[in-house]
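A.B. asks: What follows is a single structure, and I will ask about it in a moment.
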Amino acid sequence: MTREDIIQECRDLLELLPSAALAKARDKHPDIGGFGVFPVYAPVEIIHAARLMPVGLFGAGEQIELSHAESRFQSFICSIAKSTLELFLGDEMKDFEGAVFSSICDVARNLSSLVQRNAPDLYIEYLHLPQNMYSAESGNYGRAEFERFRTNLSNHLGRPITDDAIRESLTLYNEIRGLTRRLYTHRMAHPTSIEAADLYAVVRAGTRMMPEDYLPMLRDLCEHVQASDVKPRDGVRVVVEGAFCEGPPIGLVDVIEASGCLVQDDDMAIGWRLFDDDVECNGDPLAALSQAYLGSSVYTSVRHDCDKPRTEGLLERMKNSGAEAVLFAPAKFCEPALLDYVLFRQKLEEADVPHLKIEFEEKMWTFEATRTEIETFAESMLFD
Ligand code: SF4
């Protein structure tokens with residue numbers, strides 16, 4: 001496939017609701033079932049090994065009207081929680097086997113219970129991911145939690161989910177994560193080699209396809225991007241931080257670059273590329289996933305710190321990517337991102353790093369005020 005075709009297909013996929021993405025995948029894989037995955041992280045390998053397509057639940061933005069979900073929530077809540085619940089309150093998820101949520105914040109916890117209560121025919125799981133990253137027992141605990149998920153899912157489906165099948169899925173997802181890392185690493189050195197919005201679309205689209213169909217596209221894209229002529233342009237080199245769960249509208253990502261910034265690195269859709277190394281495929285696959293979660297996860301605001309504080313992680317991300325500033329892009333009312341913003345901001349001010357905060361919500365359709373803010377920020381740095 002050409003680079004243009006790949007990017008267009010990925011952008012088109014993001015226009016589809018989960019059921020339409022599943023229906024599209026079923027053209028090629030008629031027997032496949034669907035399973036929703038709420039951000040940030042879930043062991044998609046277990047789901048895929050159960051012959052289900054893990055489908056990213058990133059809210060529904062402009063594609064769905066909120067008719068009932070707002071009556072179940074207080075008003076000050078992130079958009080992704082409301083539109084995800086709306087998907088389950090209507091018919092949208094009826095062809096799915098279920099969905100998994102995890103312990104990222106109180107909103108996700110409540111959302112999981114609300115979905116369970118309102119979609120009694122689906123298997124809804126809530127994963128208690130390890131919180132204590134230092135205890136000698138954390139690895140066993142994480143493994144036991146993944147085993148609980150495997151057993152419950154297997155019982156729900158009435159078929160086994162074998163270690164061999166999980167190992168095969170691990171191999172597949174390892175390659176996908178590896179190629180995605182390659183694209184991100186290449187972009188750090190050549191930030192104009194792929195637009196930030198295109199890369200974001202590609203990563204998100206990967207959560208709306210069968211991984212075996214996504215992989216060849218990703219391989220092709222890597223080749224195209226690495227072989228492309230890079231035309232440098234001036235801009236403020238930034239890291240985008242805080243968009244790890246609810247992702248910004250793609251139009252906002254376009255605006256960031258159109259307003260004078262070059263995105264060197266970001267944390268958008270980070271759960272699907274959480275590990276900075278391959279997961280071991282030869283031994284006990286659930287133990288390997290648990291060890292990867294504890295030892296190879298990049299920092300995010302919804303995971304407890306491991307070897308260093310998240311604030312150090314942000315400085316390191318800046319240094320590794322060659323960024324000179326940070327754009328904080330938290331979803332409106334996203335508690336983990338907004339609480340961490342205070343810590344990050346303090347650290348950046350100590351280190352004299354310029355930063356700007358831009359909040360967003362799903363149904364944001366005009367970006368002119370944000371464009372002006374980013375342009376002013378970029379110009380103040382470029383012409384200082
Ligand atoms: S956007 Fe933030 S507050 Fe909302 S579910 Fe995600 S992590 Fe929680």
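Quick note on naming: the chains in the structure tokens go A, B, ... in the order shown, residues restart at 1 in each chain, and ligands are numbered from 1 in order of appearance.
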Taking only C-alpha atoms and all ligand atoms into account, list the residues no farther than 8 Å from ligand 1, as a PDB file with C-alpha atoms, in the first residue's frame.

C.D. replies:
ATOM      1  CA  PRO A  39      -7.922   3.015  27.876  1.00  0.00           C
ATOM      2  CA  VAL A  40      -5.293   3.112  29.123  1.00  0.00           C
ATOM      3  CA  ILE A  77     -16.778  14.474  34.103  1.00  0.00           C
ATOM      4  CA  CYS A  78     -14.556  13.743  31.106  1.00  0.00           C
ATOM      5  CA  SER A  79     -16.254  13.296  27.720  1.00  0.00           C
ATOM      6  CA  ILE A  80     -14.869   9.807  27.094  1.00  0.00           C
ATOM      7  CA  ALA A  81     -16.740   8.409  30.105  1.00  0.00           C
ATOM      8  CA  ILE A 104      -6.804   4.077  36.169  1.00  0.00           C
ATOM      9  CA  CYS A 105      -9.050   6.501  38.032  1.00  0.00           C
ATOM     10  CA  ASP A 106     -12.329   6.747  39.963  1.00  0.00           C
ATOM     11  CA  VAL A 107     -14.220   7.680  36.817  1.00  0.00           C
ATOM     12  CA  ALA A 108     -13.170   4.504  35.009  1.00  0.00           C
ATOM     13  CA  ALA A 243      -3.543  12.870  26.471  1.00  0.00           C
ATOM     14  CA  PHE A 244      -2.963   9.276  27.609  1.00  0.00           C
ATOM     15  CA  CYS A 245      -6.635   8.283  28.035  1.00  0.00           C
ATOM     16  CA  GLU A 246      -9.185  10.450  26.264  1.00  0.00           C
ATOM     17  CA  VAL A 302      -2.385   6.430  35.654  1.00  0.00           C
ATOM     18  CA  PRO A 330      -5.315  17.044  29.198  1.00  0.00           C
ATOM     19  CA  ALA A 331      -8.938  16.204  28.521  1.00  0.00           C
ATOM     20  CA  LYS A 332     -11.309  18.504  30.338  1.00  0.00           C
ATOM     21  CA  PHE A 333     -12.047  17.127  33.838  1.00  0.00           C
ATOM     22  CA  CYS A 334      -9.372  14.405  33.566  1.00  0.00           C
ATOM     23  CA  GLU A 335      -8.291  14.152  37.194  1.00  0.00           C
ATOM     24  CA  PRO A 336      -5.050  12.150  36.789  1.00  0.00           C
ATOM     25  CA  ALA A 337      -3.774  14.487  34.076  1.00  0.00           C
TER      26      ALA A 337
END

A.B. asks: I'd like the neighbourhood of Lys357 of chain A as an mmCIF file with C-alpha atoms, in the first residue's frame, where a residue qualifies if any of its atoms comes within 7 Å (using only C-alpha atoms), though same-chain residues fewer than 4 positions away should be ignored.

C.D. replies:
data_model
loop_
_atom_site.group_PDB
_atom_site.id
_atom_site.type_symbol
_atom_site.label_atom_id
_atom_site.label_comp_id
_atom_site.auth_asym_id
_atom_site.auth_seq_id
_atom_site.Cartn_x
_atom_site.Cartn_y
_atom_site.Cartn_z
ATOM 1 C CA LEU A 327 2.345 21.202 25.474
ATOM 2 C CA PHE A 328 0.048 19.845 28.163
ATOM 3 C CA ALA A 329 -3.073 18.507 26.494
#

A.B. asks: Separation of atom CA of Asp121 of chain A and atom CA of Leu286 of chain A, in Å?

C.D. replies: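 Computing the Euclidean distance for atom CA of Asp121 of chain A and atom CA of Leu286 of chain A yields 27.2 Å.
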
A.B. asks: Write out as a PyMOL selection string each polymer residue whose atoms come within 8 Å of segment 176-187 of chain A, counting only C-alpha atoms; drop sequence neighbours fewer than 3 positions from it.

C.D. replies: chain A and resi 172-173+190-194+203+211+215+218-219+222+225-226+264-265+272-273+275-278+321

A.B. asks: Just the alpha helix (DSSP H) stuff from segment 120-334 of chain A, please, per backbone DSSP, written as an MDAnalysis selection string.

C.D. replies: chainID A and resid 138:157 163:189 196:205 211:227 250:258 285:295 310:321
